[in-house]
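Chemist: I am attaching a structure below and will ask some questions about it afterwards.
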Amino acid sequence: MPRDLLATVLAAYPVLHQAVRQREVAGPTGQVSTHQATVLAHLAGPVPRTLSELAAAMGVTLPTMSLLIERLVRGGLVLRERDPGDGRRVMLRLTDAGARAARARSVVDPDRVRALLASLTPAERAVGVQGLTTLARAAERLAVPGSAHDRE
C-alpha cells in the first residue's frame with residue numbers, strides 16, 4: 001500500500017472521530033458498562049448476529065462473549081432467538097430497551113454526524129458514505145478468522 005494513502009487515513013481518522021464523537025456519554029451510568037455498550041453497538045444493526053460472529057468482531061473469546069451476552073440477556077437488553085433457517089444456530093438481537101441503551105451510550109453523536117453530512121454536497125455525501133462503508137466492511141473482515149488479512 002502506498003505510504004501516502006496510509007498517511008492520509010491516519011491523518012483523517014482522528015479529525016473525523018473528534019468531529020462526530022459525543023462530548024459526554026449519556027445514559028444510565030452504572031447499568032451498562034463500556035464493554036456492554038460496545039456489544040450493544042455491535043448488535044444495533046438490522047441483522048441479528050451469532051455469538052461467534054460477535055466474539056470475532058470484538059476480538060474476544062467465545063466464553064468471554066458468552067458471559068457478556070448472558071448479563072445483557074438477564075438485563076433485558078438482548079434476546080436470543082433460534083435461526084429460522086437453521087434451528088441449531090442462536091441469533092442475538094437487541095430488545096427495545098437494548099436499542100435505547102445502545103443509542104444512549106453511543107460514542108458517536110447522531111446530531112454531529114447529521115450536521116457533518118449536511119455540510120457536504122450530495123456528490124460528496126455519496127462518495128464519503130460509500131468510502132466509509134467500504135472501510136467498515138474491510139474492518140469487519142479483519143476480525144474474521146481465515147480472512148485475507150490473516151493469510152498475509
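Labels used: A, B, ... for chains in the order of the C-alpha cells, numbers from 1 for residues in each chain, and numbers from 1 for ligands as shown.
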Tell me, which residues of range 31-147 of chain A carry DSSP strand (DSSP E or B), written as a list in words?

Modeler: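 So, restricting range 31-147 of chain A to strand (DSSP E or B), we get Arg49, Thr50, Val78, Leu79, Arg80, Glu81, Arg82, Asp83, Asp86, Gly87, Arg88, Arg89, Val90, Met91, Leu92, Arg93, Leu94 and Val108 of chain A.
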
Chemist: Kindly export the residues of the current selection with N, CA and C atoms, as a PDB file, in the first residue's frame.

Modeler:
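Now in result-v9.pdb:
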ATOM      1  N   ARG A  49     -26.974 -11.309  14.953  1.00  0.00           N
ATOM      2  CA  ARG A  49     -25.653 -11.934  14.818  1.00  0.00           C
ATOM      3  C   ARG A  49     -25.559 -13.128  15.751  1.00  0.00           C
ATOM      4  N   THR A  50     -24.654 -14.038  15.402  1.00  0.00           N
ATOM      5  CA  THR A  50     -24.401 -15.176  16.279  1.00  0.00           C
ATOM      6  C   THR A  50     -23.362 -14.779  17.316  1.00  0.00           C
ATOM      7  N   VAL A  78     -30.801  -7.853  25.481  1.00  0.00           N
ATOM      8  CA  VAL A  78     -30.531  -8.705  24.318  1.00  0.00           C
ATOM      9  C   VAL A  78     -31.463  -9.907  24.359  1.00  0.00           C
ATOM     10  N   LEU A  79     -31.903 -10.330  23.179  1.00  0.00           N
ATOM     11  CA  LEU A  79     -32.725 -11.535  23.032  1.00  0.00           C
ATOM     12  C   LEU A  79     -31.934 -12.592  22.283  1.00  0.00           C
ATOM     13  N   ARG A  80     -32.102 -13.832  22.716  1.00  0.00           N
ATOM     14  CA  ARG A  80     -31.572 -14.986  21.973  1.00  0.00           C
ATOM     15  C   ARG A  80     -32.756 -15.600  21.234  1.00  0.00           C
ATOM     16  N   GLU A  81     -32.567 -15.848  19.931  1.00  0.00           N
ATOM     17  CA  GLU A  81     -33.627 -16.462  19.135  1.00  0.00           C
ATOM     18  C   GLU A  81     -33.021 -17.531  18.234  1.00  0.00           C
ATOM     19  N   ARG A  82     -33.771 -18.593  17.999  1.00  0.00           N
ATOM     20  CA  ARG A  82     -33.331 -19.630  17.067  1.00  0.00           C
ATOM     21  C   ARG A  82     -33.377 -19.066  15.654  1.00  0.00           C
ATOM     22  N   ASP A  83     -32.372 -19.403  14.861  1.00  0.00           N
ATOM     23  CA  ASP A  83     -32.331 -19.015  13.456  1.00  0.00           C
ATOM     24  C   ASP A  83     -33.421 -19.799  12.731  1.00  0.00           C
ATOM     25  N   ASP A  86     -31.923 -22.310  10.356  1.00  0.00           N
ATOM     26  CA  ASP A  86     -31.083 -23.368  10.933  1.00  0.00           C
ATOM     27  C   ASP A  86     -31.322 -23.366  12.440  1.00  0.00           C
ATOM     28  N   GLY A  87     -32.195 -24.236  12.892  1.00  0.00           N
ATOM     29  CA  GLY A  87     -32.602 -24.271  14.292  1.00  0.00           C
ATOM     30  C   GLY A  87     -31.477 -24.515  15.275  1.00  0.00           C
ATOM     31  N   ARG A  88     -30.307 -24.939  14.776  1.00  0.00           N
ATOM     32  CA  ARG A  88     -29.165 -25.154  15.678  1.00  0.00           C
ATOM     33  C   ARG A  88     -28.476 -23.843  16.041  1.00  0.00           C
ATOM     34  N   ARG A  89     -28.654 -22.838  15.194  1.00  0.00           N
ATOM     35  CA  ARG A  89     -27.995 -21.549  15.424  1.00  0.00           C
ATOM     36  C   ARG A  89     -28.848 -20.641  16.289  1.00  0.00           C
ATOM     37  N   VAL A  90     -28.195 -19.948  17.211  1.00  0.00           N
ATOM     38  CA  VAL A  90     -28.871 -18.967  18.050  1.00  0.00           C
ATOM     39  C   VAL A  90     -28.438 -17.584  17.585  1.00  0.00           C
ATOM     40  N   MET A  91     -29.416 -16.756  17.296  1.00  0.00           N
ATOM     41  CA  MET A  91     -29.162 -15.405  16.833  1.00  0.00           C
ATOM     42  C   MET A  91     -29.392 -14.430  17.997  1.00  0.00           C
ATOM     43  N   LEU A  92     -28.606 -13.380  18.020  1.00  0.00           N
ATOM     44  CA  LEU A  92     -28.697 -12.362  19.069  1.00  0.00           C
ATOM     45  C   LEU A  92     -29.184 -11.061  18.447  1.00  0.00           C
ATOM     46  N   ARG A  93     -30.111 -10.428  19.129  1.00  0.00           N
ATOM     47  CA  ARG A  93     -30.565  -9.115  18.682  1.00  0.00           C
ATOM     48  C   ARG A  93     -30.945  -8.282  19.897  1.00  0.00           C
ATOM     49  N   LEU A  94     -31.015  -6.986  19.690  1.00  0.00           N
ATOM     50  CA  LEU A  94     -31.359  -6.075  20.781  1.00  0.00           C
ATOM     51  C   LEU A  94     -32.857  -6.078  21.047  1.00  0.00           C
ATOM     52  N   VAL A 108     -20.745   7.988  19.159  1.00  0.00           N
ATOM     53  CA  VAL A 108     -20.963   8.881  18.026  1.00  0.00           C
ATOM     54  C   VAL A 108     -22.239   9.675  18.264  1.00  0.00           C
TER      55      VAL A 108
END

Chemist: Using DSSP on the backbone coordinates, identify all residues within chain A classified as alpha helix (DSSP H); present the result as a PyMOL selection string.

Modeler: chain A and resi 3-20+34-43+51-58+62-74+96-104+110-118+122-142+148-151

Chemist: For range 51-53 of chain A, list every protein, DNA or RNA residue within 9 Å, evaluated using only C-alpha atoms, and leave out those in the same chain fewer than 2 positions away; present the list as a compact mmCIF listing (two decimals) with N, CA and C atoms, in the first residue's frame.

Modeler:
# COMPACT_ATOMS: atom_id res chain seq x y z
N ARG A 49 -26.97 -11.31 14.95
CA ARG A 49 -25.65 -11.93 14.82
C ARG A 49 -25.56 -13.13 15.75
N ALA A 55 -18.20 -12.35 18.85
CA ALA A 55 -16.89 -12.53 19.50
C ALA A 55 -15.76 -12.20 18.53
N ALA A 56 -15.88 -12.66 17.28
CA ALA A 56 -14.86 -12.39 16.28
C ALA A 56 -14.77 -10.89 15.98
N ALA A 57 -15.92 -10.25 15.84
CA ALA A 57 -15.95 -8.82 15.54
C ALA A 57 -15.30 -7.99 16.63
N MET A 58 -15.44 -8.45 17.89
CA MET A 58 -14.89 -7.70 19.01
C MET A 58 -13.52 -8.20 19.44
N THR A 61 -12.77 -14.01 23.17
CA THR A 61 -13.06 -15.44 23.12
C THR A 61 -14.56 -15.68 23.25
N LEU A 62 -14.98 -16.87 22.82
CA LEU A 62 -16.39 -17.23 22.97
C LEU A 62 -16.85 -17.25 24.42
N MET A 65 -17.43 -13.64 25.51
CA MET A 65 -18.63 -13.08 24.90
C MET A 65 -19.88 -13.71 25.48
N SER A 66 -19.83 -15.00 25.75
CA SER A 66 -20.97 -15.69 26.33
C SER A 66 -21.36 -15.08 27.68
N ILE A 69 -22.95 -11.62 27.04
CA ILE A 69 -24.31 -11.76 26.49
C ILE A 69 -25.27 -12.23 27.57
N VAL A 90 -28.19 -19.95 17.21
CA VAL A 90 -28.87 -18.97 18.05
C VAL A 90 -28.44 -17.58 17.58
N MET A 91 -29.42 -16.76 17.30
CA MET A 91 -29.16 -15.40 16.83
C MET A 91 -29.39 -14.43 18.00
N LEU A 92 -28.61 -13.38 18.02
CA LEU A 92 -28.70 -12.36 19.07
C LEU A 92 -29.18 -11.06 18.45
N ALA A 143 -11.64 -8.92 11.47
CA ALA A 143 -11.97 -9.63 12.71
C ALA A 143 -12.35 -11.09 12.46
N VAL A 144 -12.53 -11.47 11.21
CA VAL A 144 -12.97 -12.83 10.91
C VAL A 144 -11.77 -13.74 10.70
